[in-house]
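Here is the structure we will look at, set down as structure tokens.
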Amino acid sequence: MSNGEAGKAGVLQGTLDLMVLQTLATLGPVHGYAIAARLEQVSGGSLRLNMGTLYPGLMRLEQRGFVRARWGVTDNNRKARFYTITPAGRRQLAAEKTEWDRMATIIQSLLRGPA
Amino acid sequence: MATLREWIARLWGTLRPGRQDGDLEQELRLHAELAGERGGVAQAMEAMRDQRGLPWLDDFLRDTRHAWRLLLRNPAFTTVAVVSIALGIGANGAMFSLADELLLRPLPVRDPGSIVTISADTPDEGFQGGGVSYPNYRDLRDSTHAFDGLLAYQISSVSFARSRDAARAMYLDMTVSGNFFDVLGVRLALGRTFTHDEDRVPGRDAAVVLGYDFWQTALGGDPSIVDSVVWINGIDFRVVGVAPATFNGVEPPVRPAFYVPVMMAQRLGAATEDPLETRDRRAYGVLGRLAPGISKERARAELATLWSALAAQYPDANRSRTIAVRTGLEQRIDQDPWDAVLMAILFTLAAVVMVIACANVANLLLGRGRARSREMAIRLALGVGRARLLRQLLTEALLLSILGLALGLAIAYGGIRFLRTIPTAEQVVIAPQLDHRVLIFGALVAAASALLFGLAPARQSLHTDLVPGLKTSDAVDATRRRLVGRNVLVVAQIALSMVLMLATAMLLDGFRKMLALDPGFRTDHVMVLSSDTAPVRYTPAQAHAFYRDLVERARALPGVTAVGLTNSVPFKVGDQNTRGVIPEGYQLPAGQDYVSSASAVVNEDYFCAMGIPLTRGRGFTSADAAGTRAVAVVNEEFAKTYWPGADPIGKRVRLIDGDKPWVEVVGVTKTGKYMWIAETPKAFVYLPFAQQDRTRMSLIVETHSPDASYLATPLRDIVRTLDMNLPVLNTETYAQLFHERAIAVPLMIMQIVATMGLLGLALALIGLYALVAYSVARRTREIGIRMAIGAGKGDVLRMVMRQGLMLSIAGIAIGGVAGVVVVRLLTAALAGVGSPSPATYVIVPVALMCLTMAASYVPARRASLVDPLEAVRYE
């Protein structure tokens, strides 16, 4: 499953990176489940990333140098892998945000603009 | 940038994964637990693995490992397959290296693709690739815009000595225009090339650039040679540079010993007229480097314009000649079409061997396909795509190819070492090598053959019906399809083998007859020695006196029965002359001013010494001298062609050049072979040495003893006594010369052809054997049942051999028909070899039949010995 495909939750192509990076930027070092939980919460339950989409996506971000991962221990003393955003990741996040805004404006004016 | 990082990370992920599977699983399990999900871990793992590495690389490595293990598990199959491919690649690699050496390899200069040959064609006479005279070259060079530079060169033979007092020896050299090395872009190993100044004044600047090989072998590779002075044809030359090891002149395989400026041509030669100003002496080869963006055709068009201007200005010199521009390859092929045709034939033979080898491997793979049908069916049922399976099967084929390539290169190396033993004349070096070009060629052949033999069996394997394949191992439909495929392959192999054998038999027969051909003169009892008075600038009178003395003294040597002189030793490379003649009363063909005939200048005892019989009239005598009637002797072919049915004695012939216009025929010799053992009969005219001036003559010394080699030293001494400065060219017995020229090369070709034929045959027989053995194994149960109900051993034998028989008959029939066509093509292409005797068409099929029967017999016999009880139980 490549990252271009839509996951089960109907994630738009290419937005996975944006969502994950933003979540990491907001929350700080967290493990994978926490990210999925956060996204579900923020979207009011409509965004449910399954493992097969999230973890390959995280691996990809790690391979591209946007996040860093370390094994750590959760509050319940469980061994988990914690992801942190890197400076390069922050830059990428900013870039993706700008691009998203730009696209959104274009689509917006296309859909709502003068007929 | 990030994409590159990802790619590199994933590359490492395939080769040495940082995160192991256990690691990934742990992470996923925690998520599953926290999320309360039960399943999905396995699929998520799959997705993560895909992201971790590069899936295609992963697959490829896995396929390769799997294929490797498979090959190790079936040593018989692997050995036969690898050896088959190796034989094919070895044969083709060796042939390619020879073709490369003789024809294909471009000159070792800068950007060889833009170097072209410029020559003067005489379309009326069908003569191509003629040289250009220096004045014409100079005019073209100065007016052309289509070329970045034009160079001129000529190969000549000069006398060289390390110093004035050292021994002299003859070498081939190249007289070149001053821009020679610059236009070619060759950087010298030592010293410098000729300067522009050294190209201006005739006779002033005696500079020489040495060839690398010559510098190493004859001068000991001494670097201090630069700036020292050497002796060439009586002139002191300063060594200014040494050419690089990779450069060996511009007319391979001839390797000049050194290069001198063309401005020195007149001083070096004995000609009275300046070769640089004689417009009709078309002696120079011209090469040009096309200007950037200019095509060959545009260059030719420009030159044609310049050329017609020159033709108008100097009509006598440039009449009926057109200018032609060719690439190096075209020029080489045009110059020696026999070489090219022979190469093409040998290459085709090798290609046929390769096809038979591939058919073998395909056959083996198909046989294995049956055993793997279950594996394929299971994998297909599990959802592995057909494309993926196809890739795996092709990977296996590729692995076989690579192994075959490795072994094949070793075989090619052996073949190349054998080819290096081709005998050649002095300074002609044919040295094929296993270089990167051969490696690339071998790799291409390996890849192509992997596709060839891998694709069909792979596709066969994939058209497996799933259900039957999963149940029993005897899926009827698929097997039947596979068997038809295999039968077709074996029939094809046998047919190809038949064609190969017919061609081989024909070539062998032809060459054998060639070797047995009578050349028309004696080849033993004779010693040959050559000398040249040009380097010491004898006058014609001095030259005549010298050679007369030489002949007399030679005659006085013990055991000598006759001493002949000739300027053209039969079969000697470079010795053959032609001249333009007009036979009296002969109607010249339209548009021609004369006809060409081979010719030689000989003394009175030549015919006797060489053992050339005279059939009419007389040979030359001492009465034919400078002041008397001009005479000539022709051969029977000359007489037959120009005066059919008439008595040639007394007829006259007009010579185009030379100072004696009319000669009268006084004798006729039997037509012999003059240059090549299988040549079509050539017209020949002999002129007496006493009435012609020549500087370079060869002594033909006939003795009582069959081995004339004892004369070498005494003859050399005679020359040295007469004049120490005279060069002595390599003395050798004529037996040696004849063997090298007329026997050794055809013999070697025969060996190559025979090897190809045997290889192809062996491979086809192996293929047939494997197929029959396979079908016996498949029919074991059936055989057991038959035997149980009463069939005897003989019946089983016959039953199995019938299959082999049918395939053989089909293959031989098809091959026979194709073979006849091929033989006809070969006969047309190789005029001198002749068509094979009718016996060939009987012997070859019968032999092939017997061999194929033997190949079927072995497994058939095994089948007949099968224990029926065992067989019935066989699954």
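Labeling convention for the structure tokens: chains A, B, ... as they appear, residues from 1 per chain, ligands from 1 in order of appearance.
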Legend entry - helix (DSSP H, G or I) call set, DSSP backbone run, chain A, as a ChimeraX atom specification: /A:15-27,32-42,51-63,87-112
Legend entry - chain A residues near chain B (7 Å cut-off, only C-alpha atoms) as a ChimeraX atom specification: /A:1,33,51-52,55-56,60,63-65,80-81
Fewer than 6 positions away in the same chain doesn't count, so skip those; otherwise give me all residues within 9 Å of Leu747 in chain B, counting only C-alpha atoms, as a PDB file with N, CA and C atoms, in the first residue's frame.
```pdb
ATOM      1  N   PHE B 511      36.770 -26.516 -48.533  1.00  0.00           N
ATOM      2  CA  PHE B 511      38.112 -26.124 -48.115  1.00  0.00           C
ATOM      3  C   PHE B 511      39.103 -27.264 -48.302  1.00  0.00           C
ATOM      4  N   ARG B 512      38.628 -28.480 -48.087  1.00  0.00           N
ATOM      5  CA  ARG B 512      39.523 -29.617 -48.283  1.00  0.00           C
ATOM      6  C   ARG B 512      39.959 -29.668 -49.749  1.00  0.00           C
ATOM      7  N   LEU B 515      42.477 -27.084 -50.388  1.00  0.00           N
ATOM      8  CA  LEU B 515      43.825 -27.396 -49.952  1.00  0.00           C
ATOM      9  C   LEU B 515      44.501 -28.355 -50.905  1.00  0.00           C
TER      10      LEU B 515
END
```
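The protein and nucleic acid residues lying at most 9 Å from range 96-98 of chain A are A:Thr15, A:Asp17, A:Leu18, A:Arg91, A:Gln92, A:Leu93, A:Asp101, A:Arg102, A:Met103, with only C-alpha atoms considered and sequence neighbours fewer than 3 positions away removed.
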Inset, instruction - Name the residues of range 10-115 of chain A that come out as strand (DSSP E or B) in a backbone DSSP run; write them as number ranges by chain. - result: A: 30-31, 67-73, 79-85
Deliver the residues from the most recent selection as a file, using C-alpha atoms, as a PDB file, in the first residue's frame.
```pdb
ATOM      1  CA  VAL A  30       3.715  10.736  20.997  1.00  0.00           C
ATOM      2  CA  HIS A  31       3.250   7.160  19.860  1.00  0.00           C
ATOM      3  CA  VAL A  67      10.079  12.885  12.003  1.00  0.00           C
ATOM      4  CA  ARG A  68      12.359  11.059  14.328  1.00  0.00           C
ATOM      5  CA  ALA A  69      11.369   7.932  16.214  1.00  0.00           C
ATOM      6  CA  ARG A  70      12.613   6.456  19.490  1.00  0.00           C
ATOM      7  CA  TRP A  71      11.512   3.546  21.576  1.00  0.00           C
ATOM      8  CA  GLY A  72      10.179   4.704  24.863  1.00  0.00           C
ATOM      9  CA  VAL A  73       7.825   3.820  27.658  1.00  0.00           C
ATOM     10  CA  LYS A  79       7.071  -0.206  25.362  1.00  0.00           C
ATOM     11  CA  ALA A  80       6.058   2.074  22.503  1.00  0.00           C
ATOM     12  CA  ARG A  81       7.655   3.951  19.673  1.00  0.00           C
ATOM     13  CA  PHE A  82       7.503   7.729  20.094  1.00  0.00           C
ATOM     14  CA  TYR A  83       7.576  10.086  17.145  1.00  0.00           C
ATOM     15  CA  THR A  84       8.903  13.665  17.223  1.00  0.00           C
ATOM     16  CA  ILE A  85       8.826  16.252  14.502  1.00  0.00           C
TER      17      ILE A  85
END
```
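Using only C-alpha atoms, the protein and nucleic acid residues lying no more than 9 Å from Leu39 in chain A, apart from those fewer than 2 places from it along its own chain, are Met19, Val20, Thr23, Ala34, Ile35, Ala36, Ala37, Gln41, Val42, Ser43, Gly44, Gly45, Leu47, Arg48 and Leu49 of chain A.
Here CA of Phe237 in chain B is placed at a distance of 21.1 Å from CA of Arg187 in chain B.
By only C-alpha atoms, and with residues fewer than 6 positions from range 633-644 of chain B along its chain excluded, the set lying at most 6 Å from it is Tyr586, Val665, Val666, Gly667, Val668, Thr669, Lys670, Thr671, Ala683, Phe684, Val685 and Tyr686 of chain B.
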Inset, instruction - Identify, on the basis of only C-alpha atoms, every residue whose closest approach to Ala855 in chain B does not exceed 8 Å; exclude the query and any residue fewer than 2 positions from it along the same chain; express the result as a list in words. - result: Leu765, Ile766, Leu768, Tyr769, Leu851, Thr852, Met853, Tyr857, Val858 and Pro859 of chain B
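Note that CA of Leu398 in chain B and CA of Val491 in chain B are 25.1 Å apart.
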